[in-house]
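Have a look at protein-v4.cif; it's mmCIF, C-alpha atoms:
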data_input
loop_
_atom_site.label_atom_id
_atom_site.label_comp_id
_atom_site.auth_asym_id
_atom_site.auth_seq_id
_atom_site.Cartn_x
_atom_site.Cartn_y
_atom_site.Cartn_z
CA MET S 1 -5.31 72.14 50.11
CA ARG S 2 -1.62 72.87 50.77
CA VAL S 3 -1.03 73.73 47.10
CA THR S 4 -4.06 76.05 47.13
CA LEU S 5 -2.81 78.01 50.16
CA PHE S 6 0.73 78.09 48.79
CA ALA S 7 -0.58 79.45 45.46
CA TRP S 8 -2.58 82.16 47.28
CA ARG S 9 0.49 83.24 49.23
CA ASN S 10 2.66 83.31 46.10
CA LEU S 11 0.09 85.48 44.32
CA TRP S 12 0.55 88.28 46.84
CA ARG S 13 4.33 88.28 46.86
CA ARG S 14 4.08 90.95 44.19
CA LYS S 15 1.02 92.86 45.42
CA ARG S 16 1.23 95.71 42.95
CA ARG S 17 1.46 93.37 39.96
CA THR S 18 -1.43 91.24 41.25
CA LEU S 19 -3.63 94.29 41.89
CA ILE S 20 -2.92 95.77 38.47
CA THR S 21 -3.72 92.45 36.78
CA GLY S 22 -6.82 91.99 38.93
CA PHE S 23 -8.12 95.45 38.05
CA SER S 24 -7.41 94.86 34.36
CA ILE S 25 -9.50 91.67 34.54
CA GLY S 26 -12.20 93.58 36.39
CA PHE S 27 -12.21 96.36 33.81
CA GLY S 28 -12.42 93.75 31.06
CA ILE S 29 -15.43 92.21 32.81
CA MET S 30 -17.07 95.65 32.96
CA LEU S 31 -16.55 96.11 29.22
CA ALA S 32 -17.86 92.60 28.50
CA VAL S 33 -20.94 93.24 30.65
CA THR S 34 -21.51 96.57 28.88
CA PHE S 35 -21.24 95.13 25.36
CA THR S 36 -23.28 92.04 26.19
CA GLY S 37 -25.87 93.83 28.31
CA THR S 38 -26.56 96.60 25.81
CA GLY S 39 -26.88 93.92 23.14
CA ASP S 40 -29.32 91.85 25.21
CA TYR S 41 -31.41 94.95 25.90
CA GLY S 42 -31.15 96.56 22.47
CA TYR S 43 -31.79 93.44 20.37
CA THR S 44 -34.75 92.41 22.53
CA ASN S 45 -36.33 95.87 22.33
CA MET S 46 -35.75 96.09 18.60
CA ILE S 47 -37.17 92.62 17.89
CA ASN S 48 -40.19 93.21 20.13
CA ALA S 49 -40.83 96.61 18.55
CA GLY S 50 -40.74 95.04 15.09
CA ALA S 51 -43.11 92.29 16.22
CA ASN S 52 -45.50 94.85 17.68
CA MET S 53 -45.68 96.68 14.33
CA GLY S 54 -47.84 94.00 12.76
CA PHE S 55 -46.22 90.65 11.98
CA GLY S 56 -45.53 89.37 15.50
CA HIS S 57 -42.61 87.15 16.46
CA VAL S 58 -44.23 84.22 14.64
CA THR S 59 -46.44 84.77 11.60
CA ILE S 60 -49.00 82.36 10.15
CA GLU S 61 -49.77 83.32 6.55
CA ARG S 62 -50.73 81.86 3.18
CA GLN S 63 -48.05 80.00 1.19
CA GLY S 64 -46.11 82.50 -0.91
CA TYR S 65 -47.43 85.62 0.83
CA ASN S 66 -44.06 86.55 2.31
CA LEU S 67 -42.36 86.56 -1.11
CA SER S 68 -45.24 88.25 -2.91
CA PRO S 69 -47.66 89.98 -0.50
CA GLY S 70 -51.16 90.43 -1.85
CA LEU S 71 -54.76 90.44 -0.71
CA ASP S 72 -55.41 87.49 -3.03
CA LYS S 73 -53.67 85.19 -0.51
CA PRO S 74 -55.93 85.03 2.56
CA VAL S 75 -55.57 82.64 5.48
CA GLU S 76 -58.81 80.71 5.89
CA ASN S 77 -60.31 80.02 9.32
CA SER S 78 -58.00 82.67 10.80
CA GLU S 79 -60.08 83.04 13.98
CA GLN S 80 -59.84 79.30 14.60
CA VAL S 81 -56.09 79.38 13.92
CA ARG S 82 -55.74 82.13 16.52
CA ASP S 83 -57.60 80.08 19.14
CA ILE S 84 -55.25 77.14 18.52
CA VAL S 85 -52.12 79.30 18.67
CA LEU S 86 -53.19 80.89 21.98
CA LYS S 87 -53.05 77.48 23.67
CA ILE S 88 -49.44 76.81 22.65
CA GLU S 89 -46.72 77.04 25.29
CA GLY S 90 -44.64 80.20 25.00
CA VAL S 91 -47.28 82.26 23.17
CA ASN S 92 -48.25 85.44 25.00
CA ASN S 93 -51.03 86.50 22.62
CA ALA S 94 -52.12 86.24 19.00
CA TYR S 95 -53.88 88.66 16.67
CA VAL S 96 -55.78 88.30 13.40
CA ARG S 97 -54.79 91.06 10.98
CA ILE S 98 -55.11 92.16 7.38
CA MET S 99 -52.22 94.03 5.79
CA GLY S 100 -52.16 95.52 2.32
CA GLN S 101 -51.04 98.35 0.10
CA ALA S 102 -53.31 101.29 -0.61
CA MET S 103 -53.52 104.87 -1.86
CA PHE S 104 -54.67 107.46 0.67
CA ALA S 105 -56.26 110.69 -0.44
CA SER S 106 -57.77 113.87 0.97
CA ALA S 107 -59.05 116.97 -0.75
CA ASN S 108 -55.45 118.19 -1.12
CA LYS S 109 -53.21 115.27 -2.00
CA THR S 110 -52.80 111.52 -2.64
CA VAL S 111 -49.99 109.36 -1.21
CA GLY S 112 -49.18 105.64 -1.22
CA GLY S 113 -48.81 103.50 1.87
CA MET S 114 -50.05 100.46 3.76
CA PHE S 115 -53.03 99.68 5.94
CA LEU S 116 -53.27 97.43 8.97
CA ALA S 117 -56.77 96.15 9.73
CA VAL S 118 -57.31 94.94 13.30
CA HIS S 119 -59.91 93.86 15.84
CA PRO S 120 -59.88 97.01 18.06
CA LYS S 121 -61.22 95.26 21.17
CA GLU S 122 -58.70 92.42 20.92
CA GLU S 123 -55.64 94.62 20.37
CA SER S 124 -53.62 95.67 23.43
CA ALA S 125 -51.15 98.50 23.97
CA GLU S 126 -48.56 95.93 25.10
CA HIS S 127 -48.46 94.31 21.66
CA ASN S 128 -49.52 97.18 19.40
CA LEU S 129 -46.95 99.94 18.98
CA PHE S 130 -49.51 102.27 17.37
CA ILE S 131 -51.84 102.20 20.37
CA ARG S 132 -48.93 103.08 22.66
CA SER S 133 -47.94 105.89 20.31
CA MET S 134 -51.31 107.70 20.18
CA VAL S 135 -50.81 111.47 20.53
CA SER S 136 -54.36 112.67 19.89
CA GLY S 137 -57.85 111.26 19.49
CA GLU S 138 -58.66 107.67 20.35
CA MET S 139 -58.22 104.12 19.08
CA LEU S 140 -60.73 102.48 16.74
CA SER S 141 -63.90 101.75 18.70
CA SER S 142 -65.38 98.89 16.65
CA SER S 143 -64.50 96.31 13.99
CA ASP S 144 -67.39 97.42 11.78
CA ASN S 145 -67.33 101.23 11.70
CA ARG S 146 -65.60 103.57 9.23
CA ASP S 147 -63.02 105.05 11.58
CA VAL S 148 -59.32 105.30 10.77
CA VAL S 149 -56.17 106.01 12.80
CA ILE S 150 -53.25 107.62 10.96
CA GLY S 151 -49.66 108.75 11.63
CA THR S 152 -48.60 112.33 12.27
CA HIS S 153 -46.58 112.65 9.04
CA LEU S 154 -49.45 111.31 6.95
CA ALA S 155 -51.77 113.80 8.64
CA LYS S 156 -49.42 116.62 7.65
CA LYS S 157 -49.04 115.37 4.09
CA LEU S 158 -52.79 115.15 3.55
CA ASN S 159 -53.64 118.14 5.75
CA LEU S 160 -55.88 116.01 7.96
CA ARG S 161 -56.95 116.35 11.56
CA LEU S 162 -59.42 114.60 13.85
CA GLY S 163 -62.87 114.32 12.31
CA LYS S 164 -61.70 114.81 8.72
CA LYS S 165 -62.38 112.27 5.95
CA LEU S 166 -59.76 110.01 4.38
CA ILE S 167 -60.31 108.10 1.13
CA TYR S 168 -58.34 104.87 0.69
CA THR S 169 -58.10 102.86 -2.53
CA THR S 170 -56.83 99.29 -2.78
CA THR S 171 -57.42 96.07 -4.71
CA ASP S 172 -59.79 93.40 -3.47
CA ALA S 173 -59.29 89.63 -3.30
CA ASN S 174 -60.04 89.36 -7.04
CA GLY S 175 -57.68 92.15 -8.10
CA GLU S 176 -60.42 94.73 -8.63
CA ILE S 177 -59.90 98.34 -7.52
CA VAL S 178 -62.11 99.38 -4.58
CA SER S 179 -62.37 102.61 -2.57
CA ALA S 180 -63.91 103.64 0.73
CA ILE S 181 -64.21 106.72 2.92
CA SER S 182 -63.22 106.77 6.59
CA ARG S 183 -63.12 109.42 9.28
CA VAL S 184 -59.97 110.16 11.28
CA THR S 185 -60.50 109.35 14.97
CA GLY S 186 -56.90 109.13 16.16
CA ILE S 187 -53.34 110.11 15.29
CA PHE S 188 -50.17 108.23 16.38
CA GLU S 189 -46.45 109.04 16.30
CA THR S 190 -43.95 106.19 16.56
CA GLY S 191 -40.82 108.19 15.69
CA VAL S 192 -40.26 106.20 12.47
CA LYS S 193 -40.97 108.58 9.58
CA GLU S 194 -41.72 105.80 7.09
CA ILE S 195 -44.39 104.39 9.42
CA ASP S 196 -45.84 107.70 10.58
CA GLY S 197 -46.08 108.87 6.98
CA GLY S 198 -47.38 105.76 5.26
CA LEU S 199 -49.45 103.48 7.52
CA VAL S 200 -53.05 103.64 8.74
CA MET S 201 -55.13 101.38 11.01
CA LEU S 202 -58.60 100.31 9.93
CA PRO S 203 -61.38 98.12 11.43
CA ILE S 204 -60.94 94.55 10.21
CA ASN S 205 -64.58 93.69 9.43
CA THR S 206 -65.02 96.89 7.45
CA VAL S 207 -61.96 95.98 5.36
CA ARG S 208 -63.19 92.40 4.93
CA ASN S 209 -66.44 93.65 3.46
CA GLN S 210 -64.59 96.10 1.25
CA ILE S 211 -62.11 93.60 -0.27
CA GLY S 212 -64.42 90.59 -0.47
CA TYR S 213 -63.01 88.48 2.40
CA LYS S 214 -65.15 86.03 4.36
CA ASN S 215 -65.75 86.69 8.05
CA ASP S 216 -62.95 84.29 9.08
CA GLU S 217 -60.33 85.30 6.50
CA ALA S 218 -57.25 87.47 7.03
CA THR S 219 -53.81 87.90 5.51
CA LEU S 220 -52.01 86.74 8.67
CA VAL S 221 -52.20 85.68 12.28
CA ALA S 222 -49.45 87.35 14.36
CA ALA S 223 -48.26 85.46 17.46
CA LEU S 224 -46.35 87.28 20.21
CA VAL S 225 -44.05 85.14 22.35
CA ASN S 226 -43.11 85.54 26.00
CA ASP S 227 -39.38 85.66 25.25
CA GLN S 228 -37.98 86.48 21.81
CA ARG S 229 -35.00 84.16 22.40
CA TYR S 230 -37.32 81.16 22.05
CA THR S 231 -39.11 82.30 18.90
CA GLN S 232 -37.85 79.38 16.81
CA ALA S 233 -38.98 76.84 19.42
CA VAL S 234 -42.44 78.44 19.55
CA ARG S 235 -42.59 78.49 15.74
CA ASP S 236 -41.85 74.75 15.65
CA ARG S 237 -44.63 74.08 18.21
CA VAL S 238 -47.10 76.12 16.14
CA ALA S 239 -46.13 74.20 13.00
CA ARG S 240 -46.65 70.84 14.73
CA ARG S 241 -49.98 71.88 16.22
CA LEU S 242 -51.49 73.42 13.09
CA ASN S 243 -50.19 70.95 10.51
CA ALA S 244 -52.13 72.94 7.87
CA LYS S 245 -51.71 72.89 4.10
CA ASN S 246 -51.05 76.01 2.00
CA VAL S 247 -49.89 77.86 5.11
CA GLU S 248 -46.42 79.17 6.04
CA ILE S 249 -45.27 79.64 9.61
CA LEU S 250 -42.40 82.12 9.74
CA THR S 251 -40.31 83.83 12.41
CA TRP S 252 -39.48 87.54 12.56
CA LYS S 253 -36.14 86.78 10.88
CA GLN S 254 -38.02 85.81 7.71
CA THR S 255 -40.81 88.38 7.75
CA GLN S 256 -38.49 91.27 8.69
CA GLY S 257 -35.31 90.49 6.79
CA ASP S 258 -33.85 94.02 6.97
CA MET S 259 -34.07 94.12 10.73
CA ALA S 260 -32.71 90.57 11.02
CA GLY S 261 -29.68 91.60 8.92
CA ILE S 262 -29.00 94.64 11.10
CA VAL S 263 -29.25 92.58 14.30
CA ALA S 264 -26.93 89.89 12.89
CA MET S 265 -24.30 92.41 11.77
CA ASP S 266 -24.39 94.31 15.04
CA ARG S 267 -24.21 91.10 17.05
CA GLY S 268 -21.23 89.95 14.97
CA SER S 269 -19.32 93.19 15.60
CA ASN S 270 -20.23 92.89 19.28
CA TYR S 271 -18.69 89.40 19.43
CA ILE S 272 -15.52 90.63 17.70
CA SER S 273 -15.17 93.45 20.23
CA GLN S 274 -15.53 91.01 23.11
CA ILE S 275 -12.96 88.63 21.60
CA LEU S 276 -10.46 91.51 21.39
CA ILE S 277 -11.19 92.43 25.01
CA GLY S 278 -10.66 88.80 26.00
CA LEU S 279 -7.31 88.69 24.20
CA LEU S 280 -6.17 91.82 26.06
CA ILE S 281 -7.17 90.26 29.38
CA ALA S 282 -5.41 87.02 28.45
CA ALA S 283 -2.23 88.93 27.52
CA GLY S 284 -2.19 90.65 30.93
CA ILE S 285 -2.68 87.38 32.80
CA PHE S 286 -0.06 85.62 30.68
CA ASN S 287 2.47 88.39 31.35
CA THR S 288 1.85 88.30 35.11
CA LEU S 289 2.18 84.53 35.41
CA LEU S 290 5.17 84.23 33.09
CA MET S 291 7.09 86.99 34.91
CA SER S 292 6.27 85.28 38.19
CA VAL S 293 7.66 81.96 36.89
CA LEU S 294 10.83 83.49 35.46
CA GLU S 295 11.55 85.37 38.71
CA ARG S 296 11.18 82.18 40.75
CA ARG S 297 13.29 79.81 38.64
CA ARG S 298 15.80 79.29 41.47
CA GLU S 299 12.97 78.66 43.92
CA PHE S 300 11.39 76.09 41.60
CA GLY S 301 14.77 74.43 41.13
CA ILE S 302 15.14 73.99 44.90
CA MET S 303 11.61 72.57 45.11
CA MET S 304 12.36 70.03 42.40
CA ALA S 305 15.72 69.19 44.00
CA VAL S 306 13.99 68.26 47.27
CA GLY S 307 11.46 66.05 45.53
CA MET S 308 8.63 68.19 44.09
CA THR S 309 7.45 66.80 40.77
CA PRO S 310 6.89 68.82 37.56
CA ALA S 311 3.19 67.90 37.79
CA THR S 312 2.94 69.50 41.23
CA LEU S 313 4.63 72.66 39.95
CA PHE S 314 2.26 72.73 37.01
CA LYS S 315 -0.68 72.40 39.39
CA LEU S 316 0.75 75.18 41.58
CA ILE S 317 0.93 77.71 38.74
CA MET S 318 -2.48 76.75 37.41
CA THR S 319 -3.91 77.24 40.90
CA GLU S 320 -2.31 80.69 40.99
CA SER S 321 -4.02 81.51 37.70
CA LEU S 322 -7.36 80.40 39.18
CA TRP S 323 -6.81 82.60 42.22
CA LEU S 324 -5.96 85.46 39.88
CA ALA S 325 -9.23 84.88 38.03
CA ALA S 326 -11.15 84.90 41.33
CA VAL S 327 -9.50 88.17 42.36
CA GLY S 328 -10.28 89.66 38.94
CA ILE S 329 -13.94 88.63 39.18
CA ILE S 330 -14.23 90.20 42.63
CA PHE S 331 -12.75 93.44 41.30
CA GLY S 332 -15.03 93.13 38.28
CA VAL S 333 -18.13 92.90 40.50
CA ILE S 334 -16.98 95.93 42.52
CA ILE S 335 -16.28 98.00 39.40
CA THR S 336 -19.28 96.85 37.37
CA THR S 337 -22.10 96.98 39.96
CA PRO S 338 -22.58 100.79 40.13
CA TRP S 339 -22.10 101.09 36.35
CA TYR S 340 -24.66 98.34 35.71
CA TRP S 341 -27.13 99.89 38.17
CA TYR S 342 -26.87 103.26 36.43
CA LEU S 343 -27.39 101.83 32.93
CA TYR S 344 -30.17 99.50 34.10
CA ASN S 345 -32.22 102.18 35.83
CA ILE S 346 -31.29 105.42 34.05
CA GLY S 347 -29.25 104.78 30.90
CA ILE S 348 -27.47 107.19 28.57
CA ASP S 349 -29.68 109.32 26.33
CA PHE S 350 -28.38 109.59 22.75
CA THR S 351 -31.37 111.55 21.47
CA GLY S 352 -29.22 114.57 20.62
CA ALA S 353 -26.75 112.46 18.65
CA ILE S 354 -29.38 110.40 16.79
CA GLY S 355 -31.74 113.26 15.91
CA ASP S 356 -35.44 112.79 15.15
CA ASP S 357 -35.21 109.44 13.36
CA TYR S 358 -34.97 106.59 15.89
CA SER S 359 -35.34 103.81 13.35
CA ALA S 360 -33.16 101.04 11.96
CA GLY S 361 -34.43 98.77 9.22
CA GLY S 362 -37.83 100.46 9.52
CA VAL S 363 -38.10 99.53 13.21
CA LEU S 364 -38.15 101.85 16.20
CA VAL S 365 -34.91 101.94 18.20
CA ASP S 366 -34.73 103.20 21.78
CA PRO S 367 -32.41 106.27 21.80
CA VAL S 368 -31.64 105.69 25.50
CA MET S 369 -28.85 103.13 25.93
CA LYS S 370 -29.79 100.78 28.74
CA ILE S 371 -28.55 97.40 29.81
CA ARG S 372 -29.98 93.97 30.65
CA LEU S 373 -28.20 90.68 31.15
CA PHE S 374 -29.75 87.32 30.42
CA LYS S 375 -28.80 84.46 32.71
CA GLU S 376 -26.83 82.71 29.96
CA SER S 377 -24.90 85.92 29.26
CA ILE S 378 -23.71 86.10 32.88
CA ILE S 379 -22.63 82.46 32.74
CA SER S 380 -20.80 83.08 29.43
CA ILE S 381 -18.87 86.07 30.81
CA LEU S 382 -17.80 84.30 34.01
CA SER S 383 -16.95 81.10 32.14
CA GLY S 384 -14.98 83.10 29.58
CA VAL S 385 -12.90 84.77 32.29
CA PHE S 386 -12.02 81.43 33.89
CA LEU S 387 -11.21 79.76 30.58
CA LEU S 388 -9.03 82.67 29.46
CA THR S 389 -7.22 82.62 32.78
CA LEU S 390 -6.61 78.90 32.56
CA ALA S 391 -5.45 79.16 28.94
CA SER S 392 -3.10 82.03 29.84
CA GLY S 393 -1.57 79.98 32.65
CA LEU S 394 -0.87 76.85 30.60
CA TYR S 395 2.49 77.90 29.16
CA PRO S 396 3.88 79.48 32.36
CA ALA S 397 2.79 76.37 34.27
CA TRP S 398 4.43 74.10 31.71
CA LYS S 399 7.55 76.29 31.81
CA ALA S 400 7.77 76.02 35.60
CA GLY S 401 7.67 72.22 35.45
CA HIS S 402 10.44 72.02 32.84
CA ILE S 403 13.10 74.15 34.49
CA PRO S 404 16.29 72.04 34.96
CA PRO S 405 17.03 72.00 38.72
CA VAL S 406 20.81 72.17 38.35
CA GLN S 407 20.71 75.09 35.94
CA SER S 408 18.26 77.02 38.12
CA LEU S 409 20.31 76.43 41.30
CA MET S 410 23.40 77.96 39.64
CA GLN S 411 21.48 81.23 39.08
CA ARG S 412 21.64 84.00 41.61
#

In structure tokens, write the structure found in this file.
Amino acid sequence: MRVTLFAWRNLWRRKRRTLITGFSIGFGIMLAVTFTGTGDYGYTNMINAGANMGFGHVTIERQGYNLSPGLDKPVENSEQVRDIVLKIEGVNNAYVRIMGQAMFASANKTVGGMFLAVHPKEESAEHNLFIRSMVSGEMLSSSDNRDVVIGTHLAKKLNLRLGKKLIYTTTDANGEIVSAISRVTGIFETGVKEIDGGLVMLPINTVRNQIGYKNDEATLVAALVNDQRYTQAVRDRVARRLNAKNVEILTWKQTQGDMAGIVAMDRGSNYISQILIGLLIAAGIFNTLLMSVLERRREFGIMMAVGMTPATLFKLIMTESLWLAAVGIIFGVIITTPWYWYLYNIGIDFTGAIGDDYSAGGVLVDPVMKIRLFKESIISILSGVFLLTLASGLYPAWKAGHIPPVQSLMQR
């Protein structure tokens, strides 16, 4: 207790130096919170947006489908698989879907793209980006009709509007070419040109009949998890529960490799930035503590001459470094709170800088920079500050305990 109070008093013998160091720690905490928080928010939004575009966070599909997608690789008993997946801890919802390549044609033009066949009544806006992005018309009304929902760019390419007919051509389960006519009932706009210009939504039972699937077959079952951070754990639970042959259970990192690569690279650069910030903070703390030790060499010599041990001096300086960390964290909270509140509730809009394309790796990216902090991120930042402070104080503390008393007493 006496050492703790003594260390606190020593810290404020040079108030200006302590305040400058404390504010530098606080500013470093603000930067760390900004980098970490924008990452937590941005990665989560990006991963969830990718999952909501069709594959989910966890995908159950036929063996080999991910490497070579084709309608000749259906998942059998897909409706039963969905019912099993819905009961697994961590799963928010699950959807049976058919995805495939097709040619889309109108009276004016033909373009290539993909179709996503869904159960309209089972799909929700929370987990289907295209429903949330509807700009005109309405969502598919039934699993058995001949309606179709298309993107804005595809509508422009084919000169289509609500009520017009769209012809789509694809291959069935046996590799034969089949065609069908649908009527446009809705138009969506996600902001991703590749999606808006090359994807349509169709009723799943209509597509099943067209391509020769049974009533319980589909190309995949997409599972949406409550928290994307636990996707791998949920995937492992699904694998244990299903225990099915000829079926692969993949996470978004495997089904959406481009997006996974972008997230990994961005996260790596984020970590490097935070390491550099930490080194700058550590340098400031080290300088403050070392200068304090060098200025008090005579004082430490007197203490050792009257019986204070090197271990006690070491403990004294390390306690000062802990107090410095506490002061820095307090300043950090004061500096960071209004900044965090602004980014959490309002954010910074980069629409003008990004332009019209808000995509990365084919996935929608929010142009408004906001911030969220996971609980483990807060713990990591606070723990990092304390560890850096302790590490920065080790050498000055060791130096204080190894000052020869006689030599220090001869100094003026």

Residue nearest Ile88 (chain S) among S:Leu224, S:Val207, S:Asn10, S:Arg237 (counting all atoms listed in the file): S:Arg237

Starting from the displayed file, determine the output of the PyMOL selection byres ((chain S and resi 26) around 8) and express the residue list as a PDB file with C-alpha atoms, keeping the file's coordinate frame.
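Just written: selection-v7.pdb:
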ATOM      1  CA  GLY S  22      -6.820  91.990  38.930  1.00  0.00           C
ATOM      2  CA  PHE S  23      -8.120  95.450  38.050  1.00  0.00           C
ATOM      3  CA  SER S  24      -7.410  94.860  34.360  1.00  0.00           C
ATOM      4  CA  ILE S  25      -9.500  91.670  34.540  1.00  0.00           C
ATOM      5  CA  PHE S  27     -12.210  96.360  33.810  1.00  0.00           C
ATOM      6  CA  GLY S  28     -12.420  93.750  31.060  1.00  0.00           C
ATOM      7  CA  ILE S  29     -15.430  92.210  32.810  1.00  0.00           C
ATOM      8  CA  MET S  30     -17.070  95.650  32.960  1.00  0.00           C
ATOM      9  CA  GLY S 328     -10.280  89.660  38.940  1.00  0.00           C
ATOM     10  CA  ILE S 329     -13.940  88.630  39.180  1.00  0.00           C
ATOM     11  CA  ILE S 330     -14.230  90.200  42.630  1.00  0.00           C
ATOM     12  CA  PHE S 331     -12.750  93.440  41.300  1.00  0.00           C
ATOM     13  CA  GLY S 332     -15.030  93.130  38.280  1.00  0.00           C
ATOM     14  CA  VAL S 333     -18.130  92.900  40.500  1.00  0.00           C
ATOM     15  CA  ILE S 335     -16.280  98.000  39.400  1.00  0.00           C
ATOM     16  CA  THR S 336     -19.280  96.850  37.370  1.00  0.00           C
TER      17      THR S 336
END

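Checking S:Ile277, S:Ile317, S:Ala260, S:Leu220 one by one against Asn66 (chain S), counting only C-alpha atoms, you find the shortest gap at S:Leu220.
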
Result set of the PyMOL selection byres ((chain S and resi 344-346) around 12) on the coordinates above, as a ChimeraX atom specification: /S:33-34,37-38,40-41,336-343,347-349,368-373

Please produce a file of the residues just selected, as a PDB file, in the coordinates of the input, where the atoms kept are C-alpha atoms.
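That gives us out-v4.pdb:
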ATOM      1  CA  VAL S  33     -20.940  93.240  30.650  1.00  0.00           C
ATOM      2  CA  THR S  34     -21.510  96.570  28.880  1.00  0.00           C
ATOM      3  CA  GLY S  37     -25.870  93.830  28.310  1.00  0.00           C
ATOM      4  CA  THR S  38     -26.560  96.600  25.810  1.00  0.00           C
ATOM      5  CA  ASP S  40     -29.320  91.850  25.210  1.00  0.00           C
ATOM      6  CA  TYR S  41     -31.410  94.950  25.900  1.00  0.00           C
ATOM      7  CA  THR S 336     -19.280  96.850  37.370  1.00  0.00           C
ATOM      8  CA  THR S 337     -22.100  96.980  39.960  1.00  0.00           C
ATOM      9  CA  PRO S 338     -22.580 100.790  40.130  1.00  0.00           C
ATOM     10  CA  TRP S 339     -22.100 101.090  36.350  1.00  0.00           C
ATOM     11  CA  TYR S 340     -24.660  98.340  35.710  1.00  0.00           C
ATOM     12  CA  TRP S 341     -27.130  99.890  38.170  1.00  0.00           C
ATOM     13  CA  TYR S 342     -26.870 103.260  36.430  1.00  0.00           C
ATOM     14  CA  LEU S 343     -27.390 101.830  32.930  1.00  0.00           C
ATOM     15  CA  GLY S 347     -29.250 104.780  30.900  1.00  0.00           C
ATOM     16  CA  ILE S 348     -27.470 107.190  28.570  1.00  0.00           C
ATOM     17  CA  ASP S 349     -29.680 109.320  26.330  1.00  0.00           C
ATOM     18  CA  VAL S 368     -31.640 105.690  25.500  1.00  0.00           C
ATOM     19  CA  MET S 369     -28.850 103.130  25.930  1.00  0.00           C
ATOM     20  CA  LYS S 370     -29.790 100.780  28.740  1.00  0.00           C
ATOM     21  CA  ILE S 371     -28.550  97.400  29.810  1.00  0.00           C
ATOM     22  CA  ARG S 372     -29.980  93.970  30.650  1.00  0.00           C
ATOM     23  CA  LEU S 373     -28.200  90.680  31.150  1.00  0.00           C
TER      24      LEU S 373
END

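Nearest residue to Ser143 (chain S) among S:Gly39, S:Pro203, S:Pro74, S:Gly175 is S:Pro203, counting all atoms listed in the file.
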
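You will find CA of Leu5 (chain S) at 24.4 Å from CA of Gly384 (chain S).
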
Please write as a PDB file with C-alpha atoms, in the coordinates of the input the full residue list that the PyMOL selection byres ((chain S and resi 240-245) around 12) yields on this file.
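Writing the result to result-v5.pdb gives the following:
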ATOM      1  CA  ILE S  60     -49.000  82.360  10.150  1.00  0.00           C
ATOM      2  CA  GLU S  61     -49.770  83.320   6.550  1.00  0.00           C
ATOM      3  CA  ARG S  62     -50.730  81.860   3.180  1.00  0.00           C
ATOM      4  CA  GLN S  63     -48.050  80.000   1.190  1.00  0.00           C
ATOM      5  CA  VAL S  75     -55.570  82.640   5.480  1.00  0.00           C
ATOM      6  CA  GLU S  76     -58.810  80.710   5.890  1.00  0.00           C
ATOM      7  CA  ASN S  77     -60.310  80.020   9.320  1.00  0.00           C
ATOM      8  CA  SER S  78     -58.000  82.670  10.800  1.00  0.00           C
ATOM      9  CA  GLN S  80     -59.840  79.300  14.600  1.00  0.00           C
ATOM     10  CA  VAL S  81     -56.090  79.380  13.920  1.00  0.00           C
ATOM     11  CA  ARG S  82     -55.740  82.130  16.520  1.00  0.00           C
ATOM     12  CA  ASP S  83     -57.600  80.080  19.140  1.00  0.00           C
ATOM     13  CA  ILE S  84     -55.250  77.140  18.520  1.00  0.00           C
ATOM     14  CA  VAL S  85     -52.120  79.300  18.670  1.00  0.00           C
ATOM     15  CA  LEU S  86     -53.190  80.890  21.980  1.00  0.00           C
ATOM     16  CA  LYS S  87     -53.050  77.480  23.670  1.00  0.00           C
ATOM     17  CA  ILE S  88     -49.440  76.810  22.650  1.00  0.00           C
ATOM     18  CA  GLU S  89     -46.720  77.040  25.290  1.00  0.00           C
ATOM     19  CA  ALA S 233     -38.980  76.840  19.420  1.00  0.00           C
ATOM     20  CA  VAL S 234     -42.440  78.440  19.550  1.00  0.00           C
ATOM     21  CA  ARG S 235     -42.590  78.490  15.740  1.00  0.00           C
ATOM     22  CA  ASP S 236     -41.850  74.750  15.650  1.00  0.00           C
ATOM     23  CA  ARG S 237     -44.630  74.080  18.210  1.00  0.00           C
ATOM     24  CA  VAL S 238     -47.100  76.120  16.140  1.00  0.00           C
ATOM     25  CA  ALA S 239     -46.130  74.200  13.000  1.00  0.00           C
ATOM     26  CA  ASN S 246     -51.050  76.010   2.000  1.00  0.00           C
ATOM     27  CA  VAL S 247     -49.890  77.860   5.110  1.00  0.00           C
ATOM     28  CA  GLU S 248     -46.420  79.170   6.040  1.00  0.00           C
ATOM     29  CA  ILE S 249     -45.270  79.640   9.610  1.00  0.00           C
TER      30      ILE S 249
END

Within 10 Å of region 112-121 of chain S using all atoms listed in the file, minus same-chain residues under 4 positions, as a ChimeraX atom specification: /S:53-54,95-105,131,139-144,148-150,154,168-170,194-195,197-208,218-219

One-decimal distance in Å that lies between CA of Leu158 (chain S) and CA of Asn108 (chain S): 6.2 Å

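For the set S:Ala222, S:Leu160, S:Arg183, S:Ala32, the residue with the smallest atom-to-atom gap to Leu382 (chain S) is S:Ala32, counting all atoms listed in the file.
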
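Straight-line separation from CA of Ser273 (chain S) to CA of Leu289 (chain S): 24.7 Å.
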
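The shortest atom-to-atom distance to Glu126 (chain S), with only C-alpha atoms taken into account, belongs to S:Asn48 out of S:Ser106, S:Ser179, S:Asn48, S:Thr59.
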
Nearest residue to Val221 (chain S) from the set S:Val58, S:Met303, S:Leu316, S:Ile379 (distances using all atoms listed in the file): S:Val58

Put a box with edges along x, y and z around all the listed atoms of region 182-194 of chain S, pad it by 6 Å on each side, then give me its centre and sizes in Å, one decimal, as lines of an AutoDock Vina configuration file.
center_x = -51.7
center_y = 108.0
center_z = 11.6
size_x = 35.0
size_y = 16.4
size_z = 22.0
